[in-house]
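The file work_26.pdb contains PDB, C-alpha atoms:
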ATOM      1  CA  GLY I 226       3.258   4.435 -18.627  1.00  0.00           C
ATOM      2  CA  ALA I 227       4.705   2.254 -15.918  1.00  0.00           C
ATOM      3  CA  GLY I 228       3.028   2.351 -12.552  1.00  0.00           C
ATOM      4  CA  VAL I 229       4.530   2.014  -9.099  1.00  0.00           C
ATOM      5  CA  SER I 230       6.491  -1.201  -8.730  1.00  0.00           C
ATOM      6  CA  GLN I 231       7.562  -2.978  -5.558  1.00  0.00           C
ATOM      7  CA  THR I 232       9.996  -5.791  -4.946  1.00  0.00           C
ATOM      8  CA  PRO I 233       9.889  -8.443  -3.742  1.00  0.00           C
ATOM      9  CA  SER I 234       6.215  -9.278  -4.043  1.00  0.00           C
ATOM     10  CA  ASN I 235       6.550 -11.735  -1.168  1.00  0.00           C
ATOM     11  CA  LYS I 236       9.134 -12.000   1.572  1.00  0.00           C
ATOM     12  CA  VAL I 237       9.308 -14.651   4.266  1.00  0.00           C
ATOM     13  CA  THR I 238      11.856 -14.092   6.988  1.00  0.00           C
ATOM     14  CA  GLU I 239      12.668 -15.428  10.425  1.00  0.00           C
ATOM     15  CA  LYS I 240      12.070 -13.451  13.569  1.00  0.00           C
ATOM     16  CA  GLY I 241      15.065 -11.276  14.355  1.00  0.00           C
ATOM     17  CA  LYS I 242      16.295 -10.934  10.767  1.00  0.00           C
ATOM     18  CA  TYR I 243      16.751  -7.735   8.762  1.00  0.00           C
ATOM     19  CA  VAL I 244      14.685  -7.039   5.628  1.00  0.00           C
ATOM     20  CA  GLU I 245      14.648  -4.421   2.889  1.00  0.00           C
ATOM     21  CA  LEU I 246      11.628  -3.630   0.766  1.00  0.00           C
ATOM     22  CA  ARG I 247      12.019  -1.620  -2.426  1.00  0.00           C
ATOM     23  CA  CYS I 248       9.703   0.814  -4.177  1.00  0.00           C
ATOM     24  CA  ASP I 249      10.045   2.322  -7.665  1.00  0.00           C
ATOM     25  CA  PRO I 250       7.642   5.260  -8.010  1.00  0.00           C
ATOM     26  CA  ILE I 251       6.065   6.587 -11.168  1.00  0.00           C
ATOM     27  CA  SER I 252       8.643   8.573 -13.120  1.00  0.00           C
ATOM     28  CA  GLY I 253       8.460  12.276 -12.317  1.00  0.00           C
ATOM     29  CA  HIS I 254       6.544  11.850  -9.055  1.00  0.00           C
ATOM     30  CA  THR I 255       8.301  13.802  -6.338  1.00  0.00           C
ATOM     31  CA  ALA I 256       6.213  12.534  -3.433  1.00  0.00           C
ATOM     32  CA  LEU I 257       6.495   8.964  -2.149  1.00  0.00           C
ATOM     33  CA  TYR I 258       4.613   7.266   0.667  1.00  0.00           C
ATOM     34  CA  TRP I 259       4.824   4.007   2.569  1.00  0.00           C
ATOM     35  CA  TYR I 260       1.757   2.430   4.159  1.00  0.00           C
ATOM     36  CA  ARG I 261       1.234  -0.821   6.019  1.00  0.00           C
ATOM     37  CA  GLN I 262      -1.893  -2.940   5.652  1.00  0.00           C
ATOM     38  CA  SER I 263      -2.685  -5.622   8.191  1.00  0.00           C
ATOM     39  CA  LEU I 264      -5.189  -8.361   7.443  1.00  0.00           C
ATOM     40  CA  GLY I 265      -8.757  -7.106   7.307  1.00  0.00           C
ATOM     41  CA  GLN I 266      -7.794  -3.456   7.743  1.00  0.00           C
ATOM     42  CA  GLY I 267      -7.196  -0.402   5.637  1.00  0.00           C
ATOM     43  CA  PRO I 268      -3.671   0.836   4.977  1.00  0.00           C
ATOM     44  CA  GLU I 269      -1.990   2.902   7.684  1.00  0.00           C
ATOM     45  CA  PHE I 270       0.482   5.668   6.950  1.00  0.00           C
ATOM     46  CA  LEU I 271       4.147   5.085   7.782  1.00  0.00           C
ATOM     47  CA  ILE I 272       6.304   7.744   6.128  1.00  0.00           C
ATOM     48  CA  TYR I 273       6.216  10.444   3.445  1.00  0.00           C
ATOM     49  CA  PHE I 274       9.104  11.668   1.274  1.00  0.00           C
ATOM     50  CA  GLN I 275       9.170  14.873  -0.700  1.00  0.00           C
ATOM     51  CA  GLY I 276      12.199  14.499  -2.923  1.00  0.00           C
ATOM     52  CA  THR I 277      15.070  12.945  -1.001  1.00  0.00           C
ATOM     53  CA  GLY I 278      13.997  13.962   2.480  1.00  0.00           C
ATOM     54  CA  ALA I 279      11.539  12.322   4.833  1.00  0.00           C
ATOM     55  CA  ALA I 280       9.020  15.099   5.379  1.00  0.00           C
ATOM     56  CA  ASP I 281       6.964  13.080   7.850  1.00  0.00           C
ATOM     57  CA  ASP I 282       7.962   9.816   9.516  1.00  0.00           C
ATOM     58  CA  SER I 283       5.391  10.009  12.298  1.00  0.00           C
ATOM     59  CA  GLY I 284       3.749   6.740  11.262  1.00  0.00           C
ATOM     60  CA  LEU I 285       6.831   4.559  11.730  1.00  0.00           C
ATOM     61  CA  PRO I 286       5.939   2.291  14.671  1.00  0.00           C
ATOM     62  CA  ASN I 287       9.367   2.277  16.338  1.00  0.00           C
ATOM     63  CA  ASP I 288      13.082   2.734  15.677  1.00  0.00           C
ATOM     64  CA  ARG I 289      13.403  -0.699  14.062  1.00  0.00           C
ATOM     65  CA  PHE I 290      11.813   0.858  10.976  1.00  0.00           C
ATOM     66  CA  PHE I 291      13.728   3.179   8.701  1.00  0.00           C
ATOM     67  CA  ALA I 292      13.319   4.344   5.104  1.00  0.00           C
ATOM     68  CA  VAL I 293      15.547   6.127   2.613  1.00  0.00           C
ATOM     69  CA  ARG I 294      15.212   7.745  -0.782  1.00  0.00           C
ATOM     70  CA  PRO I 295      18.759   8.872  -1.566  1.00  0.00           C
ATOM     71  CA  GLU I 296      18.260  10.119  -5.125  1.00  0.00           C
ATOM     72  CA  GLY I 297      14.661  11.225  -4.904  1.00  0.00           C
ATOM     73  CA  SER I 298      13.326   8.279  -6.867  1.00  0.00           C
ATOM     74  CA  VAL I 299      13.623   4.698  -5.583  1.00  0.00           C
ATOM     75  CA  SER I 300      12.917   4.189  -1.889  1.00  0.00           C
ATOM     76  CA  THR I 301      13.859   1.366   0.466  1.00  0.00           C
ATOM     77  CA  LEU I 302      11.999   0.519   3.655  1.00  0.00           C
ATOM     78  CA  LYS I 303      14.288  -1.217   6.130  1.00  0.00           C
ATOM     79  CA  ILE I 304      13.140  -3.260   9.113  1.00  0.00           C
ATOM     80  CA  GLN I 305      15.642  -4.456  11.709  1.00  0.00           C
ATOM     81  CA  ARG I 306      15.163  -7.308  14.165  1.00  0.00           C
ATOM     82  CA  THR I 307      11.842  -8.282  12.622  1.00  0.00           C
ATOM     83  CA  GLU I 308       9.007  -9.444  14.873  1.00  0.00           C
ATOM     84  CA  ARG I 309       5.977 -11.568  14.054  1.00  0.00           C
ATOM     85  CA  GLY I 310       3.806  -8.486  14.495  1.00  0.00           C
ATOM     86  CA  ASP I 311       5.559  -6.874  11.537  1.00  0.00           C
ATOM     87  CA  SER I 312       3.816  -9.340   9.212  1.00  0.00           C
ATOM     88  CA  ALA I 313       1.642  -7.309   6.848  1.00  0.00           C
ATOM     89  CA  VAL I 314       1.441  -6.009   3.302  1.00  0.00           C
ATOM     90  CA  TYR I 315       3.676  -2.990   2.823  1.00  0.00           C
ATOM     91  CA  LEU I 316       2.333  -0.629   0.203  1.00  0.00           C
ATOM     92  CA  CYS I 317       4.164   2.148  -1.565  1.00  0.00           C
ATOM     93  CA  ALA I 318       2.454   5.045  -3.325  1.00  0.00           C
ATOM     94  CA  SER I 319       3.629   8.065  -5.272  1.00  0.00           C
ATOM     95  CA  SER I 320       2.078  11.323  -6.362  1.00  0.00           C
ATOM     96  CA  LEU I 321       3.050  14.255  -8.531  1.00  0.00           C
ATOM     97  CA  GLN I 322       3.426  16.472  -5.492  1.00  0.00           C
ATOM     98  CA  GLY I 323       2.398  16.234  -1.864  1.00  0.00           C
ATOM     99  CA  GLN I 324      -0.824  17.858  -0.800  1.00  0.00           C
ATOM    100  CA  GLY I 325      -3.907  17.511  -2.872  1.00  0.00           C
ATOM    101  CA  HIS I 326      -2.641  15.123  -5.466  1.00  0.00           C
ATOM    102  CA  GLU I 327      -3.809  11.618  -6.194  1.00  0.00           C
ATOM    103  CA  GLN I 328      -1.687   8.851  -4.747  1.00  0.00           C
ATOM    104  CA  TYR I 329      -1.056   5.847  -6.972  1.00  0.00           C
ATOM    105  CA  PHE I 330      -0.246   2.588  -5.246  1.00  0.00           C
ATOM    106  CA  GLY I 331       2.019  -0.292  -6.099  1.00  0.00           C
ATOM    107  CA  PRO I 332       0.993  -3.967  -5.704  1.00  0.00           C
ATOM    108  CA  GLY I 333       2.646  -4.225  -2.293  1.00  0.00           C
ATOM    109  CA  THR I 334       5.134  -6.543  -0.620  1.00  0.00           C
ATOM    110  CA  ARG I 335       3.645  -9.232   1.579  1.00  0.00           C
ATOM    111  CA  LEU I 336       6.006  -9.699   4.528  1.00  0.00           C
ATOM    112  CA  THR I 337       5.685 -12.803   6.682  1.00  0.00           C
ATOM    113  CA  VAL I 338       7.809 -13.118   9.796  1.00  0.00           C
ATOM    114  CA  THR I 339       7.981 -16.685  11.131  1.00  0.00           C
TER     115      THR I 339
ATOM    116  CA  GLY V 281      -8.263   4.221  10.577  1.00  0.00           C
ATOM    117  CA  GLU V 282     -10.660   4.945  13.369  1.00  0.00           C
ATOM    118  CA  ASP V 283     -11.528   8.316  11.849  1.00  0.00           C
ATOM    119  CA  VAL V 284     -13.190   6.716   8.838  1.00  0.00           C
ATOM    120  CA  GLU V 285     -15.931   4.114   9.187  1.00  0.00           C
ATOM    121  CA  GLN V 286     -17.490   1.844   6.613  1.00  0.00           C
ATOM    122  CA  SER V 287     -19.853  -1.094   6.689  1.00  0.00           C
ATOM    123  CA  LEU V 288     -17.878  -4.298   6.202  1.00  0.00           C
ATOM    124  CA  PHE V 289     -19.897  -6.232   3.633  1.00  0.00           C
ATOM    125  CA  LEU V 290     -22.279  -5.644   0.736  1.00  0.00           C
ATOM    126  CA  SER V 291     -23.887  -8.248  -1.495  1.00  0.00           C
ATOM    127  CA  VAL V 292     -25.512  -7.110  -4.738  1.00  0.00           C
ATOM    128  CA  ARG V 293     -27.088  -8.791  -7.720  1.00  0.00           C
ATOM    129  CA  GLU V 294     -25.394  -8.365 -11.107  1.00  0.00           C
ATOM    130  CA  GLY V 295     -26.976  -5.483 -13.004  1.00  0.00           C
ATOM    131  CA  ASP V 296     -28.265  -3.734  -9.868  1.00  0.00           C
ATOM    132  CA  SER V 297     -26.776  -0.584  -8.349  1.00  0.00           C
ATOM    133  CA  SER V 298     -24.382  -0.803  -5.407  1.00  0.00           C
ATOM    134  CA  VAL V 299     -24.163   1.891  -2.766  1.00  0.00           C
ATOM    135  CA  ILE V 300     -21.198   1.912  -0.400  1.00  0.00           C
ATOM    136  CA  ASN V 301     -21.338   4.296   2.539  1.00  0.00           C
ATOM    137  CA  CYS V 302     -18.638   5.950   4.594  1.00  0.00           C
ATOM    138  CA  THR V 303     -18.552   8.385   7.496  1.00  0.00           C
ATOM    139  CA  TYR V 304     -15.559  10.470   8.479  1.00  0.00           C
ATOM    140  CA  THR V 305     -14.781  12.727  11.398  1.00  0.00           C
ATOM    141  CA  ASP V 306     -12.432  15.439  10.188  1.00  0.00           C
ATOM    142  CA  SER V 307     -14.480  18.366   8.895  1.00  0.00           C
ATOM    143  CA  SER V 308     -11.319  19.985   7.513  1.00  0.00           C
ATOM    144  CA  SER V 309     -10.675  17.156   5.077  1.00  0.00           C
ATOM    145  CA  THR V 310     -10.164  18.707   1.683  1.00  0.00           C
ATOM    146  CA  TYR V 311     -10.270  15.596  -0.475  1.00  0.00           C
ATOM    147  CA  LEU V 312     -12.140  12.336  -0.061  1.00  0.00           C
ATOM    148  CA  TYR V 313     -11.224   9.282  -2.075  1.00  0.00           C
ATOM    149  CA  TRP V 314     -12.518   5.895  -3.120  1.00  0.00           C
ATOM    150  CA  TYR V 315     -10.027   3.123  -3.784  1.00  0.00           C
ATOM    151  CA  LYS V 316     -10.674  -0.419  -5.057  1.00  0.00           C
ATOM    152  CA  GLN V 317      -8.596  -3.439  -4.061  1.00  0.00           C
ATOM    153  CA  GLU V 318      -8.908  -6.753  -5.845  1.00  0.00           C
ATOM    154  CA  PRO V 319      -7.518  -9.958  -4.283  1.00  0.00           C
ATOM    155  CA  GLY V 320      -3.728  -9.923  -4.131  1.00  0.00           C
ATOM    156  CA  ALA V 321      -3.515  -6.529  -5.794  1.00  0.00           C
ATOM    157  CA  GLY V 322      -2.659  -3.020  -4.720  1.00  0.00           C
ATOM    158  CA  LEU V 323      -5.077  -0.154  -4.382  1.00  0.00           C
ATOM    159  CA  GLN V 324      -6.598   1.359  -7.497  1.00  0.00           C
ATOM    160  CA  LEU V 325      -7.754   4.967  -7.273  1.00  0.00           C
ATOM    161  CA  LEU V 326     -11.343   5.006  -8.516  1.00  0.00           C
ATOM    162  CA  THR V 327     -12.382   8.579  -7.962  1.00  0.00           C
ATOM    163  CA  TYR V 328     -12.143  11.463  -5.538  1.00  0.00           C
ATOM    164  CA  ILE V 329     -14.160  14.517  -4.611  1.00  0.00           C
ATOM    165  CA  PHE V 330     -13.108  17.917  -3.399  1.00  0.00           C
ATOM    166  CA  SER V 331     -14.826  18.993  -0.213  1.00  0.00           C
ATOM    167  CA  ASN V 332     -16.603  21.965  -1.792  1.00  0.00           C
ATOM    168  CA  MET V 333     -18.500  19.646  -4.137  1.00  0.00           C
ATOM    169  CA  ASP V 334     -21.710  17.746  -3.401  1.00  0.00           C
ATOM    170  CA  MET V 335     -21.566  15.262  -6.228  1.00  0.00           C
ATOM    171  CA  LYS V 336     -19.229  13.901  -8.823  1.00  0.00           C
ATOM    172  CA  GLN V 337     -20.105  11.522 -11.635  1.00  0.00           C
ATOM    173  CA  ASP V 338     -17.638   9.467 -13.621  1.00  0.00           C
ATOM    174  CA  GLN V 339     -19.176   6.916 -15.994  1.00  0.00           C
ATOM    175  CA  ARG V 340     -20.820   4.243 -13.789  1.00  0.00           C
ATOM    176  CA  LEU V 341     -19.567   5.855 -10.578  1.00  0.00           C
ATOM    177  CA  THR V 342     -21.373   8.567  -8.625  1.00  0.00           C
ATOM    178  CA  VAL V 343     -19.911  10.070  -5.475  1.00  0.00           C
ATOM    179  CA  LEU V 344     -22.168  11.957  -3.078  1.00  0.00           C
ATOM    180  CA  LEU V 345     -20.797  14.103  -0.264  1.00  0.00           C
ATOM    181  CA  ASN V 346     -22.829  15.415   2.663  1.00  0.00           C
ATOM    182  CA  LYS V 347     -20.449  17.660   4.573  1.00  0.00           C
ATOM    183  CA  LYS V 348     -22.948  18.476   7.295  1.00  0.00           C
ATOM    184  CA  ASP V 349     -23.273  14.813   8.228  1.00  0.00           C
ATOM    185  CA  LYS V 350     -19.693  13.947   7.198  1.00  0.00           C
ATOM    186  CA  HIS V 351     -21.087  11.210   4.994  1.00  0.00           C
ATOM    187  CA  LEU V 352     -19.650   9.997   1.707  1.00  0.00           C
ATOM    188  CA  SER V 353     -21.142   7.419  -0.618  1.00  0.00           C
ATOM    189  CA  LEU V 354     -20.136   5.642  -3.793  1.00  0.00           C
ATOM    190  CA  ARG V 355     -22.798   4.383  -6.159  1.00  0.00           C
ATOM    191  CA  ILE V 356     -21.871   1.891  -8.855  1.00  0.00           C
ATOM    192  CA  ALA V 357     -24.485   1.613 -11.577  1.00  0.00           C
ATOM    193  CA  ASP V 358     -25.104  -1.679 -13.424  1.00  0.00           C
ATOM    194  CA  THR V 359     -22.799  -3.638 -11.109  1.00  0.00           C
ATOM    195  CA  GLN V 360     -20.736  -6.311 -12.865  1.00  0.00           C
ATOM    196  CA  THR V 361     -18.859  -9.365 -11.558  1.00  0.00           C
ATOM    197  CA  GLY V 362     -15.618  -7.463 -12.132  1.00  0.00           C
ATOM    198  CA  ASP V 363     -16.758  -4.978  -9.503  1.00  0.00           C
ATOM    199  CA  SER V 364     -16.339  -7.607  -6.792  1.00  0.00           C
ATOM    200  CA  ALA V 365     -13.557  -6.225  -4.590  1.00  0.00           C
ATOM    201  CA  ILE V 366     -12.857  -4.359  -1.371  1.00  0.00           C
ATOM    202  CA  TYR V 367     -13.652  -0.655  -1.554  1.00  0.00           C
ATOM    203  CA  PHE V 368     -11.863   1.791   0.712  1.00  0.00           C
ATOM    204  CA  CYS V 369     -12.957   5.263   1.619  1.00  0.00           C
ATOM    205  CA  ALA V 370     -10.101   7.629   2.526  1.00  0.00           C
ATOM    206  CA  GLU V 371      -9.724  11.205   3.650  1.00  0.00           C
ATOM    207  CA  THR V 372      -6.861  13.628   3.938  1.00  0.00           C
ATOM    208  CA  PRO V 373      -7.326  15.070   7.442  1.00  0.00           C
ATOM    209  CA  ARG V 374      -6.569  18.751   7.811  1.00  0.00           C
ATOM    210  CA  GLY V 375      -5.825  18.927   4.103  1.00  0.00           C
ATOM    211  CA  ASP V 376      -2.797  16.796   4.797  1.00  0.00           C
ATOM    212  CA  TYR V 377      -0.982  14.492   2.412  1.00  0.00           C
ATOM    213  CA  LYS V 378      -1.516  11.385   4.541  1.00  0.00           C
ATOM    214  CA  LEU V 379      -4.419   9.240   3.569  1.00  0.00           C
ATOM    215  CA  SER V 380      -6.535   7.953   6.433  1.00  0.00           C
ATOM    216  CA  PHE V 381      -8.444   4.855   5.346  1.00  0.00           C
ATOM    217  CA  GLY V 382     -11.521   3.033   6.529  1.00  0.00           C
ATOM    218  CA  ALA V 383     -11.404  -0.719   7.068  1.00  0.00           C
ATOM    219  CA  GLY V 384     -12.946  -1.368   3.653  1.00  0.00           C
ATOM    220  CA  THR V 385     -16.264  -2.714   2.375  1.00  0.00           C
ATOM    221  CA  THR V 386     -16.177  -6.118   0.698  1.00  0.00           C
ATOM    222  CA  VAL V 387     -18.562  -6.074  -2.254  1.00  0.00           C
ATOM    223  CA  THR V 388     -19.729  -9.410  -3.612  1.00  0.00           C
ATOM    224  CA  VAL V 389     -21.613  -9.471  -6.900  1.00  0.00           C
ATOM    225  CA  ARG V 390     -23.874 -12.491  -7.357  1.00  0.00           C
ATOM    226  CA  ALA V 391     -25.325 -13.682 -10.637  1.00  0.00           C
TER     227      ALA V 391
END
Conversion result in structure tokens:
Amino acid sequence: GAGVSQTPSNKVTEKGKYVELRCDPISGHTALYWYRQSLGQGPEFLIYFQGTGAADDSGLPNDRFFAVRPEGSVSTLKIQRTERGDSAVYLCASSLQGQGHEQYFGPGTRLTVT
Amino acid sequence: GEDVEQSLFLSVREGDSSVINCTYTDSSSTYLYWYKQEPGAGLQLLTYIFSNMDMKQDQRLTVLLNKKDKHLSLRIADTQTGDSAIYFCAETPRGDYKLSFGAGTTVTVRA
């Protein structure tokens, strides 16, 4: 079956602009996660959705970052007033449920802020 | 994450076994995972082990867990060129849903 997909695969934007990154989870997976991976590091947790609600957004670095999942499937990560330090690969993962289930990752969106 | 540590590089000859090591700090972690990342690709779940197990074998992969020392290892038998990648160890602290990753071990397979 289809895995997790993310669009766009690459995004280049100017400092100060707004960007949206999209994630399509595996069909039937109720849990969805966003992570951020900086160069040479492992992914770091940003936010976790169970269904439509954000169950844990403690990893979002500041209030410029926001994510939604209005129908419990597709999710959008939104970044306002982008900064050069936001440049990273943004990874989305989904799992059948939350705790104790394997997370399957998408290919990521590489965001470059110039 | 700072809670999970891995050595950064490993070079291995094709056909030999690779052993990638990882230490973690949270003794309440219920699951420990190994992910593989190839250049420009996302993370592929290789295998995982539940914390009440000492060992898990899956084809060429063997995971060993030493809970006392909080040490996890991944052994790849008969390493192939396609095994060249970055390998990440991850835990779920406090039985949580968030994965906490190490910085990754870059494995290079030489002919």
Inset, instruction - Tell me which of I:Tyr260, I:Tyr329, I:Tyr315, I:Phe274 sits closest to Phe381 (chain V), counting only C-alpha atoms. - result: I:Tyr260
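Nearest residue to Glu285 (chain V), choosing from I:Leu316, I:Arg247, I:Gln266, I:Arg261 and counting only C-alpha atoms: I:Gln266.
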Legend entry - Spatial neighbours of Ser298 (chain V), max dist 12 Å, all atoms listed in the file, sep filter under 5 positions, as number ranges by chain: V: 289-293, 340-343, 353-361, 363-364, 367, 385-390
Inset, instruction - Rank nothing, just name the residue among V:Ser307, V:Gln337, V:Val299, V:Ala321 nearest to chain I, using all atoms listed in the file. - result: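 Using all atoms listed in the file, the shortest distance to chain I belongs to V:Ala321.
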Legend entry - Option closest in space to chain V, from I:Phe330, I:Trp259, I:Tyr243, I:Phe291 [counting only C-alpha atoms]: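 Closest to chain V of all the choices is I:Phe330.
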Please return region 234-243 of chain I, rebuilt to all heavy atoms, as an mmCIF file, in the frame of the given file.
data_model
loop_
_atom_site.group_PDB
_atom_site.id
_atom_site.type_symbol
_atom_site.label_atom_id
_atom_site.label_comp_id
_atom_site.auth_asym_id
_atom_site.auth_seq_id
_atom_site.Cartn_x
_atom_site.Cartn_y
_atom_site.Cartn_z
ATOM 1 N N SER I 234 7.663 -9.246 -4.244
ATOM 2 C CA SER I 234 6.215 -9.278 -4.043
ATOM 3 C C SER I 234 5.881 -10.018 -2.756
ATOM 4 O O SER I 234 4.879 -9.712 -2.098
ATOM 5 C CB SER I 234 5.518 -9.933 -5.238
ATOM 6 O OG SER I 234 6.056 -11.216 -5.472
ATOM 7 N N ASN I 235 6.714 -10.985 -2.408
ATOM 8 C CA ASN I 235 6.550 -11.735 -1.168
ATOM 9 C C ASN I 235 7.903 -11.892 -0.502
ATOM 10 O O ASN I 235 8.917 -12.103 -1.177
ATOM 11 C CB ASN I 235 5.999 -13.138 -1.441
ATOM 12 C CG ASN I 235 4.506 -13.132 -1.640
ATOM 13 O OD1 ASN I 235 3.744 -13.026 -0.690
ATOM 14 N ND2 ASN I 235 4.081 -13.219 -2.880
ATOM 15 N N LYS I 236 7.907 -11.799 0.815
ATOM 16 C CA LYS I 236 9.134 -12.000 1.572
ATOM 17 C C LYS I 236 8.801 -12.753 2.852
ATOM 18 O O LYS I 236 7.959 -12.307 3.632
ATOM 19 C CB LYS I 236 9.772 -10.646 1.900
ATOM 20 C CG LYS I 236 11.014 -10.718 2.771
ATOM 21 C CD LYS I 236 12.186 -11.266 2.000
ATOM 22 C CE LYS I 236 13.446 -11.279 2.853
ATOM 23 N NZ LYS I 236 14.586 -11.909 2.131
ATOM 24 N N VAL I 237 9.457 -13.891 3.028
ATOM 25 C CA VAL I 237 9.308 -14.651 4.266
ATOM 26 C C VAL I 237 10.653 -14.596 4.986
ATOM 27 O O VAL I 237 11.695 -14.872 4.388
ATOM 28 C CB VAL I 237 8.904 -16.115 3.990
ATOM 29 C CG1 VAL I 237 8.759 -16.877 5.303
ATOM 30 C CG2 VAL I 237 7.607 -16.176 3.196
ATOM 31 N N THR I 238 10.623 -14.211 6.231
ATOM 32 C CA THR I 238 11.856 -14.092 6.988
ATOM 33 C C THR I 238 11.649 -14.617 8.400
ATOM 34 O O THR I 238 10.521 -14.729 8.879
ATOM 35 C CB THR I 238 12.339 -12.634 7.031
ATOM 36 O OG1 THR I 238 13.674 -12.579 7.552
ATOM 37 C CG2 THR I 238 11.431 -11.780 7.920
ATOM 38 N N GLU I 239 12.756 -14.941 9.055
ATOM 39 C CA GLU I 239 12.668 -15.428 10.425
ATOM 40 C C GLU I 239 12.711 -14.261 11.403
ATOM 41 O O GLU I 239 13.357 -13.230 11.137
ATOM 42 C CB GLU I 239 13.830 -16.380 10.721
ATOM 43 C CG GLU I 239 13.755 -17.682 9.959
ATOM 44 C CD GLU I 239 14.938 -18.585 10.281
ATOM 45 O OE1 GLU I 239 15.894 -18.107 10.932
ATOM 46 O OE2 GLU I 239 14.904 -19.757 9.870
ATOM 47 N N LYS I 240 12.067 -14.443 12.489
ATOM 48 C CA LYS I 240 12.070 -13.451 13.569
ATOM 49 C C LYS I 240 13.508 -13.073 13.892
ATOM 50 O O LYS I 240 14.379 -13.935 14.025
ATOM 51 C CB LYS I 240 11.372 -14.048 14.784
ATOM 52 C CG LYS I 240 11.302 -13.168 16.006
ATOM 53 C CD LYS I 240 10.463 -13.854 17.078
ATOM 54 C CE LYS I 240 10.420 -13.067 18.366
ATOM 55 N NZ LYS I 240 11.702 -12.944 19.044
ATOM 56 N N GLY I 241 13.743 -11.766 14.012
ATOM 57 C CA GLY I 241 15.065 -11.276 14.355
ATOM 58 C C GLY I 241 15.920 -10.873 13.172
ATOM 59 O O GLY I 241 16.953 -10.205 13.337
ATOM 60 N N LYS I 242 15.504 -11.259 11.946
ATOM 61 C CA LYS I 242 16.295 -10.934 10.767
ATOM 62 C C LYS I 242 16.002 -9.507 10.285
ATOM 63 O O LYS I 242 15.026 -8.877 10.681
ATOM 64 C CB LYS I 242 15.986 -11.919 9.628
ATOM 65 C CG LYS I 242 16.314 -13.358 9.954
ATOM 66 C CD LYS I 242 17.790 -13.597 9.997
ATOM 67 C CE LYS I 242 18.080 -15.096 10.113
ATOM 68 N NZ LYS I 242 19.527 -15.362 10.265
ATOM 69 N N TYR I 243 16.871 -9.062 9.375
ATOM 70 C CA TYR I 243 16.751 -7.735 8.762
ATOM 71 C C TYR I 243 16.169 -7.887 7.357
ATOM 72 O O TYR I 243 16.541 -8.799 6.625
ATOM 73 C CB TYR I 243 18.149 -7.120 8.711
ATOM 74 C CG TYR I 243 18.301 -5.891 7.858
ATOM 75 C CD1 TYR I 243 17.954 -4.639 8.359
ATOM 76 C CD2 TYR I 243 18.824 -5.977 6.570
ATOM 77 C CE1 TYR I 243 18.122 -3.498 7.587
ATOM 78 C CE2 TYR I 243 18.990 -4.847 5.797
ATOM 79 C CZ TYR I 243 18.642 -3.604 6.307
ATOM 80 O OH TYR I 243 18.806 -2.483 5.534
#
